[in-house]
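Next up, input_24.txt (compact mmCIF, C-alpha atoms):
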```txt
# COMPACT_ATOMS: atom_id res chain seq x y z
CA MET A 5 99.14 164.02 61.02
CA LEU A 6 99.97 160.35 60.43
CA LEU A 7 102.49 159.12 57.86
CA PRO A 8 103.19 155.51 56.83
CA GLY A 9 106.40 154.01 58.20
CA ARG A 10 107.63 152.69 54.84
CA LEU A 11 107.68 154.27 51.42
CA ARG A 12 106.72 150.99 49.74
CA THR A 13 103.20 151.35 51.17
CA THR A 14 102.69 154.80 49.69
CA THR A 15 104.34 157.24 47.25
CA LEU A 16 106.30 160.45 47.55
CA GLY A 17 103.35 162.28 45.99
CA ASP A 18 101.01 161.02 48.69
CA LEU A 19 103.46 161.99 51.45
CA LEU A 20 103.90 165.50 50.06
CA GLY A 21 100.14 165.79 49.71
CA VAL A 22 99.63 164.96 53.40
CA LEU A 23 102.25 167.52 54.44
CA HIS A 24 100.71 170.18 52.21
CA ARG A 25 97.19 169.66 53.52
CA ALA A 26 98.46 169.77 57.11
CA GLU A 27 100.49 172.94 56.36
CA ALA A 28 103.35 171.16 58.10
CA THR A 29 106.72 172.72 58.85
CA GLY A 30 109.63 170.35 59.29
CA THR A 31 111.61 167.71 57.43
CA LEU A 32 110.45 164.56 55.68
CA GLU A 33 113.23 161.98 55.96
CA LEU A 34 113.53 158.98 53.67
CA VAL A 35 116.16 156.53 54.92
CA GLU A 36 117.13 153.70 52.59
CA ASP A 37 118.06 150.36 54.15
CA ARG A 38 121.61 150.74 52.82
CA GLY A 39 121.98 153.92 54.88
CA ARG A 40 121.35 156.76 52.45
CA THR A 41 119.24 159.54 54.00
CA HIS A 42 117.30 161.99 51.83
CA ARG A 43 115.42 165.01 53.17
CA VAL A 44 112.57 167.19 51.92
CA HIS A 45 112.21 170.37 53.95
CA VAL A 46 108.79 172.01 54.04
CA ALA A 47 107.44 175.24 55.52
CA ALA A 48 103.67 175.67 55.91
CA GLY A 49 103.27 172.65 53.63
CA LEU A 50 105.43 174.03 50.80
CA VAL A 51 108.79 172.60 49.70
CA VAL A 52 111.76 174.88 50.46
CA SER A 53 114.69 172.49 50.03
CA VAL A 54 115.54 168.92 48.96
CA GLU A 55 118.72 167.14 50.04
CA ILE A 56 119.85 164.03 48.14
CA ASP A 57 122.39 161.64 49.66
CA GLY A 58 124.27 161.00 46.43
CA ALA A 59 124.90 162.60 43.07
CA ALA A 60 122.44 165.15 41.75
CA ALA A 61 122.59 167.90 39.14
CA SER A 62 124.40 171.00 40.38
CA LEU A 63 123.29 174.58 39.83
CA ALA A 64 126.19 175.06 37.40
CA GLU A 65 125.11 172.07 35.32
CA ILE A 66 121.55 173.36 35.05
CA LEU A 67 122.71 176.85 34.06
CA ARG A 68 125.06 175.31 31.51
CA GLN A 69 122.22 173.29 30.00
CA ASP A 70 120.14 176.48 29.77
CA ARG A 71 123.11 178.34 28.27
CA ALA A 72 122.54 181.00 30.90
CA ALA A 73 126.27 181.29 31.61
CA ASP A 74 129.41 180.14 29.82
CA ASP A 75 131.89 177.63 31.24
CA ASP A 76 134.41 180.32 32.21
CA VAL A 77 131.87 182.25 34.31
CA LEU A 78 130.62 179.07 35.95
CA ARG A 79 134.15 177.87 36.69
CA ARG A 80 135.36 181.17 38.17
CA SER A 81 132.19 181.75 40.17
CA LEU A 82 132.27 178.22 41.58
CA LEU A 83 135.89 178.59 42.66
CA ARG A 84 135.07 181.93 44.29
CA ALA A 85 132.06 180.43 46.07
CA MET A 86 134.16 177.54 47.41
CA ALA A 87 136.94 179.88 48.54
CA SER A 88 134.56 182.26 50.33
CA ARG A 89 132.16 179.52 51.53
CA ARG A 90 129.24 181.37 49.99
CA LEU A 91 126.34 179.94 48.02
CA HIS A 92 127.14 179.61 44.33
CA GLY A 93 123.88 181.29 43.36
CA ASP A 94 124.66 184.31 45.53
CA VAL A 95 128.09 184.70 43.95
CA LEU A 96 126.64 184.47 40.44
CA VAL A 97 124.09 187.20 41.19
CA ASP A 98 126.26 189.52 43.32
CA GLU A 99 129.58 189.30 41.52
CA PHE A 100 128.89 187.96 38.02
CA ARG A 101 125.65 189.87 37.43
CA LEU A 102 123.46 186.93 36.48
CA SER A 103 119.77 187.71 36.69
CA PRO A 104 118.26 186.71 40.06
CA SER A 105 115.26 185.29 38.19
CA VAL A 106 117.49 183.11 36.01
CA VAL A 107 119.34 181.75 39.03
CA GLY A 108 116.11 181.39 41.00
CA ASN A 109 114.42 179.43 38.22
CA ALA A 110 117.46 177.15 37.95
CA LEU A 111 117.32 176.49 41.70
CA ARG A 112 113.65 175.58 41.43
CA ARG A 113 114.41 173.18 38.60
CA GLN A 114 117.14 171.69 40.74
CA LEU A 115 114.66 170.97 43.54
CA LEU A 116 112.16 169.46 41.12
CA GLY A 117 114.89 167.28 39.64
CA ARG A 118 115.79 166.02 43.09
CA LEU A 119 112.14 165.26 43.85
CA ALA A 120 111.98 163.30 40.60
CA MET A 121 114.94 161.23 41.80
CA LEU A 122 113.21 160.52 45.11
CA ASP A 123 110.08 159.54 43.21
CA GLN A 124 112.07 156.58 41.84
CA LEU A 125 112.80 155.10 45.28
CA SER A 126 111.03 151.79 45.73
CA ASP A 127 111.31 151.76 49.53
CA ALA A 128 112.72 153.66 52.50
CA ARG A 129 111.91 154.30 56.13
CA VAL A 130 109.69 157.37 56.48
CA ALA A 131 109.93 159.89 59.31
CA PHE A 132 108.93 163.50 59.85
CA ARG A 133 111.07 165.68 62.11
CA VAL A 134 110.43 169.22 63.28
CA ALA A 135 113.88 169.89 64.74
CA VAL A 136 116.00 169.45 61.59
CA ARG A 137 117.19 172.78 60.24
CA PRO A 138 116.94 173.35 56.46
CA PRO A 139 120.29 173.89 54.72
CA ARG A 140 121.61 177.26 53.60
CA GLY A 141 119.95 178.35 50.40
CA ALA A 142 116.51 176.98 51.23
CA LEU A 143 113.85 178.82 49.24
CA HIS A 144 112.00 180.34 52.18
CA GLU A 145 110.99 183.48 50.28
CA ARG A 146 109.74 181.65 47.17
CA PRO A 147 109.05 178.00 48.09
CA LEU A 148 107.85 175.52 45.51
CA GLU A 149 104.09 175.80 45.18
CA ALA A 150 101.84 172.75 45.48
CA ARG A 151 101.12 172.75 41.74
CA GLU A 152 104.88 172.44 41.13
CA PHE A 153 105.73 169.60 43.49
CA LEU A 154 102.43 167.67 43.35
CA HIS A 155 101.42 167.93 39.68
CA GLY A 156 102.25 164.72 37.81
CA ARG A 157 103.61 162.99 40.91
CA ARG A 158 102.91 159.25 41.22
CA ARG A 159 100.15 158.31 43.64
CA ALA A 160 99.48 155.00 45.39
CA ARG A 161 96.26 154.42 43.45
CA ALA A 162 98.25 154.45 40.22
CA ARG A 163 100.82 151.85 41.30
CA GLU A 164 99.25 149.13 39.18
CA ALA A 165 99.07 151.24 36.05
CA THR A 166 101.29 150.16 33.21
CA ALA A 167 104.40 152.33 32.93
CA PRO A 168 107.90 151.96 31.59
CA PRO A 169 110.32 150.66 34.23
CA PRO A 170 112.30 153.43 35.97
CA LEU A 171 116.02 153.72 35.52
CA PRO A 172 118.08 151.93 38.15
CA PRO A 173 118.92 154.41 40.94
CA VAL A 174 122.67 154.32 40.17
CA SER A 175 122.12 155.12 36.48
CA HIS A 176 119.64 157.86 37.33
CA ARG A 177 122.10 159.54 39.70
CA ALA A 178 124.94 159.16 37.21
CA LEU A 179 122.92 160.87 34.48
CA HIS A 180 122.21 163.79 36.82
CA VAL A 181 125.91 164.12 37.66
CA LEU A 182 126.69 164.47 33.95
CA GLY A 183 123.77 166.85 33.39
CA LEU A 184 121.93 164.41 31.12
CA SER A 185 118.34 163.30 30.84
CA PRO A 186 117.04 159.70 30.79
CA GLY A 187 117.43 158.26 27.30
CA ALA A 188 120.83 159.80 26.60
CA ASP A 189 122.85 157.61 24.23
CA THR A 190 126.51 156.60 24.54
CA GLY A 191 127.68 159.46 22.34
CA GLU A 192 125.92 162.04 24.50
CA ILE A 193 127.35 160.49 27.65
CA LYS A 194 130.90 160.60 26.30
CA ARG A 195 130.56 164.20 25.12
CA ALA A 196 129.13 165.33 28.46
CA TYR A 197 131.92 163.59 30.35
CA ARG A 198 134.68 165.12 28.21
CA ARG A 199 133.17 168.59 28.54
CA LEU A 200 132.89 168.35 32.34
CA ALA A 201 136.32 166.73 32.70
CA ARG A 202 137.93 169.64 30.86
CA THR A 203 136.13 172.08 33.13
CA VAL A 204 136.93 170.56 36.53
CA HIS A 205 140.27 168.75 36.03
CA PRO A 206 142.69 170.21 38.60
CA ASP A 207 145.43 170.59 35.96
CA MET A 208 143.20 173.09 34.15
CA HIS A 209 143.33 175.38 37.21
CA PRO A 210 147.02 176.04 37.95
CA GLY A 211 146.13 179.06 40.08
CA ALA A 212 143.73 177.22 42.37
CA THR A 213 144.40 177.13 46.10
CA ALA A 214 144.91 173.85 47.95
CA GLU A 215 141.29 173.94 49.14
CA GLU A 216 140.02 174.63 45.62
CA ARG A 217 142.15 171.80 44.20
CA ARG A 218 140.65 169.37 46.72
CA ALA A 219 137.15 170.43 45.67
CA LEU A 220 138.05 170.08 41.99
CA GLU A 221 139.61 166.65 42.57
CA ALA A 222 136.48 165.45 44.39
CA ARG A 223 134.28 166.73 41.57
CA PHE A 224 136.49 165.09 38.93
CA VAL A 225 136.27 161.74 40.76
CA GLU A 226 132.47 162.13 40.97
CA ILE A 227 131.97 162.68 37.23
CA THR A 228 134.46 159.91 36.36
CA GLU A 229 132.59 157.41 38.54
CA ALA A 230 129.30 158.49 36.96
CA TYR A 231 130.74 157.99 33.47
CA ARG A 232 132.03 154.53 34.32
CA ALA A 233 128.69 153.55 35.85
CA LEU A 234 126.95 154.41 32.56
CA VAL A 235 129.40 152.98 30.02
CA ALA A 236 130.70 149.92 31.92
```
Mind turning this structure into structure tokens?
Amino acid sequence: MLLPGRLRTTTLGDLLGVLHRAEATGTLELVEDRGRTHRVHVAAGLVVSVEIDGAAASLAEILRQDRAADDDVLRRSLLRAMASRRLHGDVLVDEFRLSPSVVGNALRRQLLGRLAMLDQLSDARVAFRVAVRPPRGALHERPLEAREFLHGRRRARAREATAPPPLPPVSHRALHVLGLSPGADTGEIKRAYRRLARTVHPDMHPGATAEERRALEARFVEITEAYRALVA
């Protein structure tokens, strides 16, 4: 199995297609020249996990968009997951009685959203490694099927086709942090920021432990930076 050394000579869709046809198991690494490293973990050619070096939509944000859980449940379950060092999805299912299918579908959408972000990269160094272990929570039991991660993906032969220019990477990441889709207007951005700020501001959680407050502070800084990147 041979892969190009640079993403600019191919597309993410073509790379995933090669891995699928080869039924490869390992990790596709995309390393940007500025140092960011992104990983797509595959098992028998199917995607089981996607790691983005940067901001991406969280499970809580996706469930909130779907109105699958209210802010109080998402806040309490996230704090419990951070305190116990468990996966947020596991806590939601085991302790807050969310449907496993609802959480599972949200996790799949999360992976597809991250692949969409990687699809916007113009260039990166490409490598495939067999010794990198997938992160906790990888979807080994129900990996993304080929029709999910290949359908609609850009291919090299379509590079010259006319298409609207992609969002700059920073704006794209910032929108994901705020749980918004491309095309969101200023009003939507401000409303999303205020809603998230109320949810994660440390002062709204007087009973949080020191570890939980640090996690909340980091999250608050993340959404504030995303907001400033979009409205500056």
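By all atoms listed in the file, and with residues fewer than 6 positions from stretch 195-199 of chain A along its chain excluded, the set lying at most 12 Å from it is A:Glu65, A:Arg68, A:Gln69, A:Asp75, A:Ala178, A:Leu179, A:His180, A:Val181, A:Leu182, A:Gly183, A:Leu184, A:Ser185, A:Ala188, A:Asp189, A:His205, A:Arg223, A:Phe224, A:Val225, A:Glu226, A:Ile227, A:Thr228, A:Glu229, A:Ala230, A:Tyr231, A:Arg232, A:Ala233, A:Leu234, A:Val235.
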Which of these residues is nearest to A:Leu32, using only C-alpha atoms: A:Pro210, A:Gly191, A:Pro138, A:Gly117? A:Pro138
Draw an axis-aligned box over all listed atoms of stretch 79-95 of chain A, pad each side with 5 Å, and write its centre and edge lengths in Å, one decimal, as AutoDock Vina command-line options.
```
--center_x 130.4 --center_y 181.1 --center_z 44.1 --size_x 23.1 --size_y 17.2 --size_z 24.8
```
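Counting all atoms listed in the file and comparing A:Ala201, A:Val46, A:Val106, A:Leu82, the residue that lies closest to A:Pro139 is A:Val46.
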Name the closest residue to A:Leu11 among the candidates A:Val204, A:Leu34, A:Leu148, A:Leu220; distances are taken between atoms, counting only C-alpha atoms.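 So, comparing all the options, the nearest one is A:Leu34.
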Do you know which residues are at most 12 Å from A:Glu152 counting all atoms listed in the file, after dropping those on the same chain fewer than 4 positions away, and could you put them as a ChimeraX atom specification? /A:17,20-21,50-52,112-113,115-117,119-120,147-148,156-157
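Distances here use only C-alpha atoms; by that measure, the residue among A:Leu67, A:Val44, A:Met121, A:Glu221 closest to A:Leu96 is A:Leu67.
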One decimal, Å: what's the distance from atom CA of A:Val35 over to atom CA of A:Arg158, could you say?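 Rounded to one decimal, the two atoms are 19.3 Å apart.
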Just to confirm, what's the straight-line distance from atom CA of A:Leu111 to atom CA of A:Ala87 in Å (one decimal)?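 Atom CA of A:Ala87 lies 21.1 Å from atom CA of A:Leu111.
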Atom completion result for stretch 66-88 of chain A (N, CA and C atoms) as a PDB file, in the coordinates of the input:
```
ATOM      1  N   ILE A  66     122.855 172.915  35.558  1.00  0.00           N
ATOM      2  CA  ILE A  66     121.550 173.360  35.050  1.00  0.00           C
ATOM      3  C   ILE A  66     121.702 174.650  34.259  1.00  0.00           C
ATOM      4  N   LEU A  67     122.482 175.590  34.773  1.00  0.00           N
ATOM      5  CA  LEU A  67     122.710 176.850  34.060  1.00  0.00           C
ATOM      6  C   LEU A  67     123.447 176.609  32.747  1.00  0.00           C
ATOM      7  N   ARG A  68     124.349 175.635  32.746  1.00  0.00           N
ATOM      8  CA  ARG A  68     125.060 175.310  31.510  1.00  0.00           C
ATOM      9  C   ARG A  68     124.097 174.727  30.474  1.00  0.00           C
ATOM     10  N   GLN A  69     123.212 173.847  30.915  1.00  0.00           N
ATOM     11  CA  GLN A  69     122.220 173.290  30.000  1.00  0.00           C
ATOM     12  C   GLN A  69     121.339 174.382  29.413  1.00  0.00           C
ATOM     13  N   ASP A  70     120.993 175.380  30.226  1.00  0.00           N
ATOM     14  CA  ASP A  70     120.140 176.480  29.770  1.00  0.00           C
ATOM     15  C   ASP A  70     120.914 177.527  28.966  1.00  0.00           C
ATOM     16  N   ARG A  71     122.236 177.360  28.921  1.00  0.00           N
ATOM     17  CA  ARG A  71     123.110 178.340  28.270  1.00  0.00           C
ATOM     18  C   ARG A  71     122.926 179.735  28.875  1.00  0.00           C
ATOM     19  N   ALA A  72     122.703 179.743  30.182  1.00  0.00           N
ATOM     20  CA  ALA A  72     122.540 181.000  30.900  1.00  0.00           C
ATOM     21  C   ALA A  72     123.874 181.610  31.289  1.00  0.00           C
ATOM     22  N   ALA A  73     124.926 180.806  31.296  1.00  0.00           N
ATOM     23  CA  ALA A  73     126.270 181.290  31.610  1.00  0.00           C
ATOM     24  C   ALA A  73     127.274 180.383  30.929  1.00  0.00           C
ATOM     25  N   ASP A  74     128.409 180.962  30.499  1.00  0.00           N
ATOM     26  CA  ASP A  74     129.410 180.140  29.820  1.00  0.00           C
ATOM     27  C   ASP A  74     130.280 179.409  30.840  1.00  0.00           C
ATOM     28  N   ASP A  75     131.094 178.467  30.347  1.00  0.00           N
ATOM     29  CA  ASP A  75     131.890 177.630  31.240  1.00  0.00           C
ATOM     30  C   ASP A  75     132.877 178.451  32.073  1.00  0.00           C
ATOM     31  N   ASP A  76     133.434 179.512  31.475  1.00  0.00           N
ATOM     32  CA  ASP A  76     134.410 180.320  32.210  1.00  0.00           C
ATOM     33  C   ASP A  76     133.765 181.009  33.411  1.00  0.00           C
ATOM     34  N   VAL A  77     132.583 181.594  33.211  1.00  0.00           N
ATOM     35  CA  VAL A  77     131.870 182.250  34.310  1.00  0.00           C
ATOM     36  C   VAL A  77     131.512 181.230  35.385  1.00  0.00           C
ATOM     37  N   LEU A  78     131.017 180.083  34.978  1.00  0.00           N
ATOM     38  CA  LEU A  78     130.620 179.070  35.950  1.00  0.00           C
ATOM     39  C   LEU A  78     131.829 178.541  36.716  1.00  0.00           C
ATOM     40  N   ARG A  79     132.945 178.364  36.023  1.00  0.00           N
ATOM     41  CA  ARG A  79     134.150 177.870  36.690  1.00  0.00           C
ATOM     42  C   ARG A  79     134.669 178.899  37.698  1.00  0.00           C
ATOM     43  N   ARG A  80     134.805 180.149  37.277  1.00  0.00           N
ATOM     44  CA  ARG A  80     135.360 181.170  38.170  1.00  0.00           C
ATOM     45  C   ARG A  80     134.423 181.454  39.352  1.00  0.00           C
ATOM     46  N   SER A  81     133.128 181.481  39.081  1.00  0.00           N
ATOM     47  CA  SER A  81     132.190 181.750  40.170  1.00  0.00           C
ATOM     48  C   SER A  81     132.149 180.604  41.170  1.00  0.00           C
ATOM     49  N   LEU A  82     132.275 179.358  40.674  1.00  0.00           N
ATOM     50  CA  LEU A  82     132.270 178.220  41.580  1.00  0.00           C
ATOM     51  C   LEU A  82     133.517 178.215  42.466  1.00  0.00           C
ATOM     52  N   LEU A  83     134.666 178.519  41.874  1.00  0.00           N
ATOM     53  CA  LEU A  83     135.890 178.590  42.660  1.00  0.00           C
ATOM     54  C   LEU A  83     135.791 179.694  43.721  1.00  0.00           C
ATOM     55  N   ARG A  84     135.205 180.833  43.336  1.00  0.00           N
ATOM     56  CA  ARG A  84     135.070 181.930  44.290  1.00  0.00           C
ATOM     57  C   ARG A  84     134.103 181.560  45.413  1.00  0.00           C
ATOM     58  N   ALA A  85     133.023 180.850  45.050  1.00  0.00           N
ATOM     59  CA  ALA A  85     132.060 180.430  46.070  1.00  0.00           C
ATOM     60  C   ALA A  85     132.701 179.452  47.054  1.00  0.00           C
ATOM     61  N   MET A  86     133.500 178.508  46.528  1.00  0.00           N
ATOM     62  CA  MET A  86     134.160 177.540  47.410  1.00  0.00           C
ATOM     63  C   MET A  86     135.172 178.236  48.311  1.00  0.00           C
ATOM     64  N   ALA A  87     135.917 179.191  47.750  1.00  0.00           N
ATOM     65  CA  ALA A  87     136.940 179.880  48.540  1.00  0.00           C
ATOM     66  C   ALA A  87     136.326 180.738  49.635  1.00  0.00           C
ATOM     67  N   SER A  88     135.191 181.356  49.352  1.00  0.00           N
ATOM     68  CA  SER A  88     134.560 182.260  50.330  1.00  0.00           C
ATOM     69  C   SER A  88     133.471 181.579  51.151  1.00  0.00           C
TER      70      SER A  88
END
```
